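Structure data follow from protein12.pdb (PDB, C-alpha atoms and all ligand atoms):
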```
ATOM      1  CA  MET W 130      -4.740   3.065  15.438
ATOM      2  CA  ILE W 131      -2.638   4.091  12.442
ATOM      3  CA  VAL W 132      -2.536   1.637   9.542
ATOM      4  CA  LEU W 133       0.406   1.700   7.097
ATOM      5  CA  SER W 134      -0.833   0.595   3.698
ATOM      6  CA  GLY W 135       0.155  -0.277   0.173
ATOM      7  CA  GLY W 136      -2.314  -1.847  -2.232
ATOM      8  CA  THR W 137      -4.099  -5.222  -2.367
ATOM      9  CA  GLY W 138      -3.481  -6.944   0.999
ATOM     10  CA  THR W 139      -4.032  -3.989   3.325
ATOM     11  CA  PRO W 140      -7.131  -2.626   1.536
ATOM     12  CA  LYS W 141      -8.549  -6.182   1.808
ATOM     13  CA  LEU W 142      -7.968  -6.031   5.563
ATOM     14  CA  LEU W 143      -9.435  -2.500   5.816
ATOM     15  CA  MET W 144     -12.739  -3.811   4.402
ATOM     16  CA  GLY W 145     -13.065  -5.770   7.647
ATOM     17  CA  LEU W 146     -11.308  -3.410  10.048
ATOM     18  CA  LYS W 147     -13.652  -0.533   9.124
ATOM     19  CA  GLU W 148     -16.558  -2.544  10.519
ATOM     20  CA  ILE W 149     -15.082  -2.895  14.002
ATOM     21  CA  ALA W 150     -12.413  -0.234  14.653
ATOM     22  CA  ASP W 151     -11.502   3.384  14.256
ATOM     23  CA  PHE W 152      -8.250   4.134  12.465
ATOM     24  CA  SER W 153      -6.362   6.479  10.148
ATOM     25  CA  VAL W 154      -4.382   5.240   7.160
ATOM     26  CA  VAL W 155      -0.954   6.401   5.961
ATOM     27  CA  VAL W 156      -0.443   5.236   2.405
ATOM     28  CA  ASN W 157       2.553   4.572   0.165
ATOM     29  CA  THR W 158       2.858   7.043  -2.711
ATOM     30  CA  ALA W 159       6.147   5.835  -4.221
ATOM     31  CA  GLU W 160       4.236   4.021  -7.010
ATOM     32  CA  ASP W 161       2.383   7.189  -8.072
ATOM     33  CA  ILE W 162       2.637   8.157 -11.711
ATOM     34  CA  TRP W 163       1.267  10.806 -14.076
ATOM     35  CA  ILE W 164      -0.678   9.236 -16.969
ATOM     36  CA  SER W 165      -2.295  11.288 -19.754
ATOM     37  CA  GLY W 166      -2.046  14.460 -17.690
ATOM     38  CA  ASN W 167      -3.424  13.078 -14.432
ATOM     39  CA  LYS W 168      -1.775  11.822 -11.277
ATOM     40  CA  ILE W 169      -2.578   8.236 -10.397
ATOM     41  CA  CYS W 170      -1.980   7.198  -6.786
ATOM     42  CA  PRO W 171      -2.630   3.450  -7.071
ATOM     43  CA  ASP W 172      -2.373   2.651  -3.373
ATOM     44  CA  ILE W 173      -4.369   5.687  -2.175
ATOM     45  CA  ASP W 174      -7.071   4.899  -4.746
ATOM     46  CA  SER W 175      -7.301   1.268  -3.609
ATOM     47  CA  VAL W 176      -7.577   2.364   0.039
ATOM     48  CA  ILE W 177     -10.297   4.930  -0.747
ATOM     49  CA  TYR W 178     -12.230   2.525  -2.980
ATOM     50  CA  ALA W 179     -12.000  -0.225  -0.341
ATOM     51  CA  LEU W 180     -13.233   2.108   2.414
ATOM     52  CA  ALA W 181     -15.998   3.382   0.125
ATOM     53  CA  GLY W 182     -17.008  -0.229  -0.609
ATOM     54  CA  ILE W 183     -16.632   0.146  -4.388
ATOM     55  CA  ILE W 184     -13.290  -1.554  -5.061
ATOM     56  CA  ASP W 185     -13.188  -4.233  -7.746
ATOM     57  CA  GLU W 186     -12.765  -7.312  -5.558
ATOM     58  CA  GLU W 187     -11.547  -9.446  -8.463
ATOM     59  CA  LYS W 188      -8.499  -7.347  -9.300
ATOM     60  CA  TRP W 189      -8.193  -5.393  -6.029
ATOM     61  CA  TRP W 190      -7.635  -2.166  -7.956
ATOM     62  CA  GLY W 191     -10.088   0.131  -9.724
ATOM     63  CA  ILE W 192     -13.838   0.446  -9.354
ATOM     64  CA  ARG W 193     -16.228  -2.517  -9.506
ATOM     65  CA  GLY W 194     -18.012  -2.733 -12.889
ATOM     66  CA  ASP W 195     -15.796  -0.079 -14.496
ATOM     67  CA  THR W 196     -15.342   0.077 -18.276
ATOM     68  CA  PHE W 197     -12.214   0.936 -20.269
ATOM     69  CA  ARG W 198     -13.699   2.743 -23.265
ATOM     70  CA  THR W 199     -11.493   5.848 -23.072
ATOM     71  CA  SER W 200      -8.390   3.717 -22.757
ATOM     72  CA  GLU W 201      -9.506   1.568 -25.740
ATOM     73  CA  MET W 202     -10.381   4.618 -27.844
ATOM     74  CA  LEU W 203      -6.967   6.107 -27.141
ATOM     75  CA  LYS W 204      -5.422   2.830 -28.303
ATOM     76  CA  ASN W 205      -7.502   2.947 -31.513
ATOM     77  CA  LEU W 206      -6.185   6.461 -32.034
ATOM     78  CA  GLY W 207      -2.633   5.139 -31.771
ATOM     79  CA  PHE W 208      -1.796   6.097 -28.178
ATOM     80  CA  GLU W 209      -1.341   3.373 -25.601
ATOM     81  CA  GLU W 210      -1.296   4.462 -21.957
ATOM     82  CA  LEU W 211       1.289   2.817 -19.703
ATOM     83  CA  MET W 212      -1.469   1.597 -17.389
ATOM     84  CA  LYS W 213      -4.998   0.486 -18.157
ATOM     85  CA  VAL W 214      -7.212   3.180 -16.629
ATOM     86  CA  GLY W 215     -10.936   2.604 -16.053
ATOM     87  CA  ASP W 216     -13.428   5.264 -17.154
ATOM     88  CA  LEU W 217     -14.841   5.852 -13.660
ATOM     89  CA  ASP W 218     -11.418   5.468 -12.058
ATOM     90  CA  ARG W 219     -10.156   8.218 -14.378
ATOM     91  CA  ALA W 220     -12.670  10.632 -12.808
ATOM     92  CA  THR W 221     -10.834  10.215  -9.481
ATOM     93  CA  HIS W 222      -7.507  11.006 -11.146
ATOM     94  CA  ILE W 223      -8.950  14.053 -12.907
ATOM     95  CA  LEU W 224     -10.442  15.392  -9.659
ATOM     96  CA  ARG W 225      -7.175  14.851  -7.739
ATOM     97  CA  SER W 226      -5.073  16.424 -10.490
ATOM     98  CA  GLU W 227      -7.344  19.454 -10.876
ATOM     99  CA  LEU W 228      -7.044  20.044  -7.121
ATOM    100  CA  LEU W 229      -3.243  19.732  -7.355
ATOM    101  CA  ARG W 230      -3.179  22.083 -10.363
ATOM    102  CA  ASN W 231      -5.189  24.551  -8.282
ATOM    103  CA  GLY W 232      -2.437  24.555  -5.680
ATOM    104  CA  LEU W 233      -3.648  22.014  -3.109
ATOM    105  CA  SER W 234      -1.092  19.665  -1.578
ATOM    106  CA  LEU W 235      -1.442  15.891  -2.034
ATOM    107  CA  VAL W 236      -2.620  15.676   1.603
ATOM    108  CA  GLN W 237      -5.394  18.196   0.925
ATOM    109  CA  ALA W 238      -6.336  16.664  -2.434
ATOM    110  CA  THR W 239      -6.492  13.169  -0.885
ATOM    111  CA  LYS W 240      -8.742  14.445   1.887
ATOM    112  CA  ALA W 241     -11.070  16.018  -0.685
ATOM    113  CA  VAL W 242     -11.190  12.864  -2.829
ATOM    114  CA  ALA W 243     -11.878  10.634   0.200
ATOM    115  CA  ARG W 244     -14.631  12.986   1.351
ATOM    116  CA  ALA W 245     -16.158  13.030  -2.139
ATOM    117  CA  TYR W 246     -16.448   9.233  -1.924
ATOM    118  CA  GLY W 247     -18.071   9.459   1.514
ATOM    119  CA  VAL W 248     -15.098   7.926   3.315
ATOM    120  CA  SER W 249     -15.126   8.902   6.988
ATOM    121  CA  HIS W 250     -11.707   7.478   7.929
ATOM    122  CA  GLU W 251      -8.706   9.753   7.497
ATOM    123  CA  VAL W 252      -6.453   8.775   4.592
ATOM    124  CA  PHE W 253      -3.027  10.417   4.261
ATOM    125  CA  PRO W 254      -0.277  10.102   1.651
ATOM    126  CA  MET W 255       3.094   9.302   3.257
ATOM    127  CA  CYS W 256       4.350  12.704   2.003
ATOM    128  CA  ASN W 257       3.430  15.594  -0.288
ATOM    129  CA  GLU W 258       6.636  15.354  -2.332
ATOM    130  CA  ASP W 259       7.171  13.100  -5.374
ATOM    131  CA  VAL W 260       8.939   9.813  -4.639
ATOM    132  CA  ALA W 261       9.411   7.143  -7.317
ATOM    133  CA  THR W 262      10.212   3.504  -6.652
ATOM    134  CA  THR W 263      12.894   2.736  -9.207
ATOM    135  CA  ILE W 264      13.779  -0.800 -10.241
ATOM    136  CA  VAL W 265      17.351  -1.418 -11.356
ATOM    137  CA  THR W 266      17.509  -4.162 -14.007
ATOM    138  CA  PRO W 267      20.305  -5.386 -16.334
ATOM    139  CA  ARG W 268      18.591  -3.295 -19.049
ATOM    140  CA  GLY W 269      18.675  -0.135 -16.968
ATOM    141  CA  GLU W 270      16.475   1.608 -14.425
ATOM    142  CA  MET W 271      12.694   1.762 -14.693
ATOM    143  CA  HIS W 272       9.771   3.215 -12.738
ATOM    144  CA  PHE W 273       7.925   0.576 -10.691
ATOM    145  CA  GLN W 274       4.879   0.793 -13.011
ATOM    146  CA  GLU W 275       7.040   0.350 -16.114
ATOM    147  CA  PHE W 276       8.595  -2.753 -14.538
ATOM    148  CA  TRP W 277       5.333  -4.233 -13.232
ATOM    149  CA  VAL W 278       2.783  -3.211 -15.880
ATOM    150  CA  LYS W 279       4.711  -2.762 -19.137
ATOM    151  CA  GLU W 280       7.436  -5.347 -18.545
ATOM    152  CA  LYS W 281       5.030  -7.643 -16.616
ATOM    153  CA  GLY W 282       7.515  -7.963 -13.752
ATOM    154  CA  LEU W 283       9.797 -10.153 -15.898
ATOM    155  CA  PRO W 284      13.217  -8.387 -15.893
ATOM    156  CA  GLU W 285      15.806  -9.518 -13.399
ATOM    157  CA  VAL W 286      15.868  -7.150 -10.413
ATOM    158  CA  LEU W 287      19.336  -6.013  -9.344
ATOM    159  CA  ASP W 288      18.260  -3.342  -6.868
ATOM    160  CA  ILE W 289      15.391  -1.097  -5.822
ATOM    161  CA  TYR W 290      15.567   2.466  -4.573
ATOM    162  CA  PHE W 291      13.174   5.310  -3.836
ATOM    163  CA  ARG W 292      14.089   8.291  -5.995
ATOM    164  CA  GLY W 293      13.433  11.567  -4.176
ATOM    165  CA  ILE W 294      12.978  10.012  -0.724
ATOM    166  CA  GLU W 295      15.588  12.326   0.849
ATOM    167  CA  ARG W 296      13.429  15.354   0.019
ATOM    168  CA  ALA W 297      10.220  13.763   1.353
ATOM    169  CA  ARG W 298       8.786  15.167   4.593
ATOM    170  CA  ILE W 299       6.271  13.634   7.001
ATOM    171  CA  PRO W 300       3.108  15.741   6.532
ATOM    172  CA  GLU W 301       2.141  17.881   9.548
ATOM    173  CA  GLU W 302      -1.145  15.958   9.931
ATOM    174  CA  VAL W 303       0.726  12.624  10.048
ATOM    175  CA  ARG W 304       3.264  14.011  12.528
ATOM    176  CA  LYS W 305       0.375  14.857  14.844
ATOM    177  CA  LEU W 306      -1.147  11.387  14.440
ATOM    178  CA  LEU W 307       2.198   9.792  15.272
ATOM    179  CA  LYS W 308       2.463  11.906  18.398
ATOM    180  CA  ASP W 309      -1.021  10.995  19.659
ATOM    181  CA  ASP W 310      -1.464   7.356  18.667
ATOM    182  CA  ASP W 311       0.381   4.381  20.144
ATOM    183  CA  GLU W 312      -0.933   1.548  17.981
ATOM    184  CA  ILE W 313       0.531   0.973  14.530
ATOM    185  CA  LEU W 314      -0.666  -1.735  12.169
ATOM    186  CA  ILE W 315       1.529  -2.600   9.198
ATOM    187  CA  GLY W 316      -0.873  -4.284   6.806
ATOM    188  CA  PRO W 317      -0.062  -7.268   4.583
ATOM    189  CA  SER W 318       1.354  -5.178   1.745
ATOM    190  CA  ASN W 319       4.631  -5.493  -0.136
ATOM    191  CA  PRO W 320       7.312  -4.923   2.564
ATOM    192  CA  ILE W 321       9.906  -3.606   0.095
ATOM    193  CA  THR W 322       7.934  -1.369  -2.267
ATOM    194  CA  SER W 323       4.872  -0.440  -0.191
ATOM    195  CA  ILE W 324       5.926  -0.283   3.468
ATOM    196  CA  LEU W 325       9.664   0.561   3.281
ATOM    197  CA  PRO W 326       8.993   3.822   1.403
ATOM    198  CA  ILE W 327       6.678   4.971   4.231
ATOM    199  CA  LEU W 328       9.230   3.973   6.886
ATOM    200  CA  SER W 329      11.937   5.793   4.904
ATOM    201  CA  VAL W 330      10.288   9.223   4.945
ATOM    202  CA  GLU W 331      12.520  11.272   7.279
ATOM    203  CA  ASP W 332      12.612   9.672  10.728
ATOM    204  CA  PHE W 333       9.257   7.865  10.435
ATOM    205  CA  ARG W 334      10.898   4.713  11.796
ATOM    206  CA  ASN W 335      12.065   6.433  14.954
ATOM    207  CA  ARG W 336       8.657   7.975  15.477
ATOM    208  CA  ILE W 337       6.988   4.545  15.718
ATOM    209  CA  ARG W 338       9.782   2.858  17.667
ATOM    210  CA  GLY W 339       8.570   1.921  21.141
ATOM    211  CA  LYS W 340       4.898   1.944  20.150
ATOM    212  CA  LYS W 341       2.790  -1.224  19.823
ATOM    213  CA  VAL W 342       3.541  -2.190  16.221
ATOM    214  CA  ILE W 343       1.860  -5.231  14.669
ATOM    215  CA  ALA W 344       2.682  -6.368  11.124
ATOM    216  CA  VAL W 345       0.736  -8.923   9.095
ATOM    217  CA  SER W 346       2.871 -11.065   6.788
ATOM    218  CA  PRO W 347       2.011 -10.815   3.066
ATOM    219  CA  ILE W 348       4.207 -13.892   2.578
ATOM    220  CA  ILE W 349       2.762 -17.321   3.261
ATOM    221  CA  GLY W 350       5.187 -20.252   3.141
ATOM    222  CA  ASP W 351       7.781 -19.217   0.586
ATOM    223  CA  SER W 352       5.727 -16.895  -1.630
ATOM    224  CA  PRO W 353       3.507 -13.803  -1.571
ATOM    225  CA  VAL W 354      -0.253 -14.211  -1.964
ATOM    226  CA  SER W 355       0.074 -11.987  -5.068
ATOM    227  CA  GLY W 356       2.437  -9.511  -6.719
ATOM    228  CA  PRO W 357       6.226  -9.116  -6.903
ATOM    229  CA  ALA W 358       7.074  -9.012  -3.168
ATOM    230  CA  GLY W 359       9.098 -12.263  -3.399
ATOM    231  CA  LYS W 360      11.259 -11.043  -6.268
ATOM    232  CA  PHE W 361      11.943  -7.737  -4.493
ATOM    233  CA  MET W 362      12.743  -9.358  -1.134
ATOM    234  CA  LYS W 363      15.219 -11.670  -2.870
ATOM    235  CA  ALA W 364      16.828  -8.720  -4.686
ATOM    236  CA  LYS W 365      17.291  -6.971  -1.338
ATOM    237  CA  GLY W 366      18.894 -10.063   0.182
ATOM    238  CA  TYR W 367      15.961 -11.220   2.330
ATOM    239  CA  GLU W 368      14.691 -14.783   2.491
ATOM    240  CA  VAL W 369      11.187 -15.021   0.938
ATOM    241  CA  SER W 370       9.312 -16.192   4.031
ATOM    242  CA  PRO W 371       7.525 -14.695   7.057
ATOM    243  CA  LEU W 372      10.941 -14.723   8.768
ATOM    244  CA  GLY W 373      12.286 -12.610   5.907
ATOM    245  CA  VAL W 374       9.404 -10.164   6.528
ATOM    246  CA  LEU W 375      10.352 -10.109  10.215
ATOM    247  CA  ARG W 376      13.907  -9.259   9.190
ATOM    248  CA  VAL W 377      12.775  -6.397   6.953
ATOM    249  CA  TYR W 378      10.969  -4.785   9.897
ATOM    250  CA  GLY W 379      13.513  -5.864  12.511
ATOM    251  CA  ASP W 380      13.166  -4.534  16.026
ATOM    252  CA  LEU W 381      10.590  -2.007  14.862
ATOM    253  CA  ILE W 382       7.700  -4.417  15.352
ATOM    254  CA  SER W 383       6.276  -5.901  18.539
ATOM    255  CA  ALA W 384       4.472  -8.769  16.798
ATOM    256  CA  LEU W 385       4.243 -10.432  13.398
ATOM    257  CA  VAL W 386       1.009 -12.187  12.434
ATOM    258  CA  VAL W 387       1.654 -15.090  10.055
ATOM    259  CA  ASP W 388      -0.710 -17.512   8.390
ATOM    260  CA  GLU W 389      -1.848 -20.678  10.164
ATOM    261  CA  ARG W 390       0.094 -22.641   7.531
ATOM    262  CA  ASP W 391       3.250 -21.132   9.049
ATOM    263  CA  SER W 392       2.252 -21.941  12.634
ATOM    264  CA  GLY W 393       5.560 -23.816  12.999
ATOM    265  CA  LEU W 394       7.193 -20.388  13.275
ATOM    266  CA  VAL W 395       5.190 -19.277  16.329
ATOM    267  CA  SER W 396       7.426 -17.701  18.966
ATOM    268  CA  GLU W 397       7.388 -14.889  21.496
ATOM    269  CA  LYS W 398       7.006 -12.386  18.669
ATOM    270  CA  ILE W 399       5.236 -14.474  15.982
ATOM    271  CA  PHE W 400       1.515 -15.279  16.137
ATOM    272  CA  ALA W 401      -0.423 -17.467  13.708
ATOM    273  CA  THR W 402      -3.995 -17.296  12.458
ATOM    274  CA  LYS W 403      -5.841 -17.517   9.140
ATOM    275  CA  THR W 404      -4.550 -14.541   7.121
ATOM    276  CA  ILE W 405      -5.903 -15.352   3.666
ATOM    277  CA  MET W 406      -8.819 -12.985   3.061
ATOM    278  CA  ARG W 407     -11.266 -14.404   0.534
ATOM    279  CA  ASP W 408     -14.142 -12.166   1.621
ATOM    280  CA  LYS W 409     -15.201  -9.522   4.100
ATOM    281  CA  ASP W 410     -15.885 -12.094   6.845
ATOM    282  CA  ASP W 411     -12.270 -13.289   6.604
ATOM    283  CA  ALA W 412     -11.131  -9.664   6.886
ATOM    284  CA  ILE W 413     -13.343  -9.032   9.923
ATOM    285  CA  ARG W 414     -12.080 -12.188  11.631
ATOM    286  CA  LEU W 415      -8.439 -11.258  11.038
ATOM    287  CA  SER W 416      -9.173  -7.699  12.253
ATOM    288  CA  GLU W 417     -10.699  -9.048  15.466
ATOM    289  CA  TYR W 418      -7.599 -11.179  16.019
ATOM    290  CA  ILE W 419      -5.357  -8.124  15.532
ATOM    291  CA  LEU W 420      -7.398  -5.962  17.944
ATOM    292  CA  LYS W 421      -7.129  -8.679  20.625
ATOM    293  CA  LEU W 422      -3.397  -8.912  20.007
ATOM    294  CA  PHE W 423      -3.014  -5.137  20.504
ATOM    295  CA  ASP W 424      -4.745  -5.569  23.892
ATOM    296  CA  ARG W 425      -2.274  -8.304  24.876
ATOM    297  CA  LEU W 426       0.873  -6.369  23.928
TER     298      LEU W 426
HETATM  299  P1  LIG W 501       2.391  -5.347  -4.750
HETATM  300  O1  LIG W 501       1.105  -5.922  -5.253
HETATM  301  O2  LIG W 501       3.412  -6.344  -4.386
HETATM  302  O3  LIG W 501       2.906  -4.208  -5.559
HETATM  303  O4  LIG W 501       2.165  -4.667  -3.346
HETATM  304  P2  LIG W 501       0.937  -4.312  -2.462
HETATM  305  O5  LIG W 501       1.420  -3.415  -1.423
HETATM  306  O6  LIG W 501      -0.200  -3.968  -3.306
HETATM  307  O7  LIG W 501       0.630  -5.602  -1.659
HETATM  308  C1  LIG W 501       0.433  -6.825  -2.177
HETATM  309  C2  LIG W 501       0.710  -7.783  -1.064
HETATM  310  O8  LIG W 501      -0.517  -8.151  -0.453
HETATM  311  C3  LIG W 501       1.350  -9.005  -1.639
HETATM  312  O9  LIG W 501       2.647  -9.158  -1.124
HETATM  313  C4  LIG W 501       0.396 -10.119  -1.206
HETATM  314  O10 LIG W 501       1.092 -11.248  -0.775
HETATM  315  C5  LIG W 501      -0.422  -9.500  -0.087
HETATM  316  N1  LIG W 501      -1.763 -10.055   0.000
HETATM  317  C6  LIG W 501      -2.745  -9.991  -0.919
HETATM  318  N2  LIG W 501      -3.839 -10.638  -0.469
HETATM  319  C7  LIG W 501      -3.556 -11.123   0.764
HETATM  320  C8  LIG W 501      -4.277 -11.887   1.733
HETATM  321  O11 LIG W 501      -5.451 -12.249   1.564
HETATM  322  N3  LIG W 501      -3.614 -12.205   2.898
HETATM  323  C9  LIG W 501      -2.319 -11.831   3.114
HETATM  324  N4  LIG W 501      -1.738 -12.188   4.259
HETATM  325  N5  LIG W 501      -1.604 -11.111   2.223
HETATM  326  C10 LIG W 501      -2.213 -10.750   1.061
END
```
I need this file expressed as structure tokens, please.
Ligand code: GDP
Amino acid sequence: MIVLSGGTGTPKLLMGLKEIADFSVVVNTAEDIWISGNKICPDIDSVIYALAGIIDEEKWWGIRGDTFRTSEMLKNLGFEELMKVGDLDRATHILRSELLRNGLSLVQATKAVARAYGVSHEVFPMCNEDVATTIVTPRGEMHFQEFWVKEKGLPEVLDIYFRGIERARIPEEVRKLLKDDDEILIGPSNPITSILPILSVEDFRNRIRGKKVIAVSPIIGDSPVSGPAGKFMKAKGYEVSPLGVLRVYGDLISALVVDERDSGLVSEKIFATKTIMRDKDDAIRLSEYILKLFDRL
């Protein structure tokens, strides 16, 4: 099974899935950003920390019990970083960036970082090239992190695009996975800014067409469980609902798993179960449901 992942929702699911299934993960990198000389890959880090069992389960980013002393000291010295970076978390970014500076690709650096954390599942960036999710607002264009972290997601969103996506290539290792594996799971991550970038790398979409593709809705009722997915879906002209998610993915998916609260939507292609993951048991239960659904497709 290949899992397509952003942050938050999918790493939550992976905490359960890793207990009962084998899989590889292809992760969004369009929110990556260089901070204080090091490359931060927020979604890759969350996936690795979740698989390593050290993710901060309150925030769903960073390392459990981390401190922010370096970040605070920098602030005292008059330099405020765009994102709050934990002290332990920063070690990951330094390791990754040193490997990149030594000439490794992002695929190779990610493999090394995952191995260093004892992660046995394969984790791949969606591409080696730089892609930047850019938010168009009435005040101009901004990087996703500037919009979400600095501006707190407040500006009106006129459009969203992925700068550099036309130069992005599917890594050789991911190409091979896509050739060999027929089950694709699109986790409950932001459809617009986490999953669409992955699907937009070259002909990724065509390479999964015809396979068994299950998506889990990150939208319950008329809002996301967390984050700006609703605002972005609206900006792109989609209704903020599981049906809107279905429309984003269109004929690419074989089944959409929605929350039991949306069981009124159940149809040939829509299946309902409890999709809110409060703990690992919830994630295992949802994973079991998904595995059974793959068998039925
Ligand atoms: P961002 O936070 O919107 O930038 O994007 P992410 O790719 O990190 O994904 C966050 C998505 O995960 C949001 O759209 C949430 O609705 C979804 N999410 C978080 N927790 C859960 C959960 O327990 N269940 C479900 N179904 N979705 C979740």
Residues within 7 Å of stretch 133-150 of chain W, only C-alpha atoms, excluding chain neighbours under 3 positions, as an mmCIF file with C-alpha atoms, in the coordinates of the input:
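The resulting file, result.cif, is reproduced below:
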```cif
data_model
loop_
_atom_site.group_PDB
_atom_site.id
_atom_site.type_symbol
_atom_site.label_atom_id
_atom_site.label_comp_id
_atom_site.auth_asym_id
_atom_site.auth_seq_id
_atom_site.Cartn_x
_atom_site.Cartn_y
_atom_site.Cartn_z
ATOM 1 C CA VAL W 154 -4.382 5.240 7.160
ATOM 2 C CA VAL W 155 -0.954 6.401 5.961
ATOM 3 C CA VAL W 156 -0.443 5.236 2.405
ATOM 4 C CA ASN W 157 2.553 4.572 0.165
ATOM 5 C CA ASP W 172 -2.373 2.651 -3.373
ATOM 6 C CA SER W 175 -7.301 1.268 -3.609
ATOM 7 C CA VAL W 176 -7.577 2.364 0.039
ATOM 8 C CA ALA W 179 -12.000 -0.225 -0.341
ATOM 9 C CA LEU W 180 -13.233 2.108 2.414
ATOM 10 C CA TRP W 189 -8.193 -5.393 -6.029
ATOM 11 C CA LEU W 314 -0.666 -1.735 12.169
ATOM 12 C CA ILE W 315 1.529 -2.600 9.198
ATOM 13 C CA GLY W 316 -0.873 -4.284 6.806
ATOM 14 C CA PRO W 317 -0.062 -7.268 4.583
ATOM 15 C CA SER W 318 1.354 -5.178 1.745
ATOM 16 C CA ASN W 319 4.631 -5.493 -0.136
ATOM 17 C CA SER W 323 4.872 -0.440 -0.191
ATOM 18 C CA ILE W 324 5.926 -0.283 3.468
ATOM 19 C CA MET W 406 -8.819 -12.985 3.061
ATOM 20 C CA LYS W 409 -15.201 -9.522 4.100
ATOM 21 C CA ASP W 410 -15.885 -12.094 6.845
ATOM 22 C CA ALA W 412 -11.131 -9.664 6.886
ATOM 23 C CA ILE W 413 -13.343 -9.032 9.923
ATOM 24 C CA SER W 416 -9.173 -7.699 12.253
#
```
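Proximity to W:Thr322 at 8 Å, evaluated using all atoms listed in the file and with sequence-adjacent residues fewer than 2 positions away removed, yields Ala159, Thr262, Asn319, Pro320, Ile324, Leu325, Pro326, Ala358 and Phe361 of chain W.
Picked out by the PyMOL selection byres (((chain W and resi 246) around 10) and not hetatm) when it runs on this file: Ile177, Tyr178, Leu180, Ala181, Gly182, Ile183, Thr221, Ala241, Val242, Ala243, Arg244, Ala245, Gly247, Val248 and Ser249 of chain W.
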### Task
Using the chain letters and numbering of this document, enumerate as number ranges by chain the residues selected by the PyMOL selection byres (((chain W and resi 354) around 12) and not hetatm).
W: 137-138, 317-319, 346-353, 355-359, 369-371, 388, 404-407
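Relative to atom CA of W:Arg338, atom CA of W:Leu381 is found at 5.7 Å.
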### Query
Between atom CA of W:Phe276 and atom CA of W:Ala297, what is the distance, to one decimal in Å?
23.0 Å
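If you measure from each of W:Val260, W:Ile327, W:Leu229, W:Leu422 to ligand LIG 501 (chain W) using only C-alpha atoms and all ligand atoms, the closest one turns out to be W:Ile327.
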### Query
Any chance you could work out the residue set of the PyMOL selection byres (((chain W and resi 275) around 12) and not hetatm) here, as number ranges by chain?
W: 160-162, 164, 210-212, 261-266, 269-274, 276-284
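Restricting the calculation to only C-alpha atoms and all ligand atoms, the smallest distance between ligand LIG 501 (chain W) and any of W:Asn167, W:Ser226, W:Thr158, W:Ser383 is found for W:Thr158.
The nearest approach to ligand LIG 501 (chain W) among the residues W:Leu415, W:Leu203, W:Leu287, W:Lys305, with only C-alpha atoms and all ligand atoms taken into account, belongs to W:Leu415.
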## Note on the structure
ligand LIG 501 (chain W) proximity check over W:Ile173, W:Leu233, W:Leu394, W:Val330, using all atoms listed in the file: winner is W:Ile173
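Taking only C-alpha atoms into account, W:Leu235 lies nearest to W:Phe253 out of the set W:Phe333, W:Phe152, W:Phe197, W:Phe253.
Take the candidates W:Leu420, W:Ile131, W:Ile343, W:Leu206 and check each one against W:His250 using all atoms listed in the file; the shortest distance goes to W:Ile131.
The interatomic distance for the pair atom CA of W:Ile299 and atom O4 of ligand LIG 501 (chain W) works out to 21.4 Å.
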Report as a PDB file with C-alpha atoms, in the frame of the given file all protein, DNA and RNA residues lying within 12 Å of W:Ser396, evaluated on only C-alpha atoms, omitting residues in the same chain fewer than 3 positions from it.
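Final file, out-v7.pdb:
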```pdb
ATOM      1  CA  LEU W 372      10.941 -14.723   8.768  1.00  0.00           C
ATOM      2  CA  LEU W 375      10.352 -10.109  10.215  1.00  0.00           C
ATOM      3  CA  SER W 383       6.276  -5.901  18.539  1.00  0.00           C
ATOM      4  CA  ALA W 384       4.472  -8.769  16.798  1.00  0.00           C
ATOM      5  CA  LEU W 385       4.243 -10.432  13.398  1.00  0.00           C
ATOM      6  CA  VAL W 386       1.009 -12.187  12.434  1.00  0.00           C
ATOM      7  CA  VAL W 387       1.654 -15.090  10.055  1.00  0.00           C
ATOM      8  CA  ASP W 391       3.250 -21.132   9.049  1.00  0.00           C
ATOM      9  CA  SER W 392       2.252 -21.941  12.634  1.00  0.00           C
ATOM     10  CA  GLY W 393       5.560 -23.816  12.999  1.00  0.00           C
ATOM     11  CA  ILE W 399       5.236 -14.474  15.982  1.00  0.00           C
ATOM     12  CA  PHE W 400       1.515 -15.279  16.137  1.00  0.00           C
ATOM     13  CA  ALA W 401      -0.423 -17.467  13.708  1.00  0.00           C
TER      14      ALA W 401
END
```
For stretch 201-206 of chain W, take all atoms listed in the file, fit an axis-aligned box around them, add 8 Å to each of the six sides, then output centre and edge lengths in Å rounded to one decimal, as lines of an AutoDock Vina configuration file.
```
center_x = -7.9
center_y = 4.0
center_z = -28.9
size_x = 21.0
size_y = 20.9
size_z = 22.3
```
Supply stretch 238-242 of chain W as a compact mmCIF listing (two decimals), in the frame of the given file, with N, CA and C atoms built in where the input has gaps.
```txt
# COMPACT_ATOMS: atom_id res chain seq x y z
N ALA W 238 -5.59 17.25 -1.31
CA ALA W 238 -6.34 16.66 -2.43
C ALA W 238 -6.87 15.28 -2.05
N THR W 239 -6.07 14.52 -1.30
CA THR W 239 -6.49 13.17 -0.88
C THR W 239 -7.70 13.26 0.05
N LYS W 240 -7.64 14.24 0.95
CA LYS W 240 -8.74 14.44 1.89
C LYS W 240 -10.03 14.76 1.12
N ALA W 241 -9.89 15.62 0.11
CA ALA W 241 -11.07 16.02 -0.68
C ALA W 241 -11.63 14.82 -1.47
N VAL W 242 -10.73 14.02 -2.05
CA VAL W 242 -11.19 12.86 -2.83
C VAL W 242 -11.89 11.86 -1.91
```
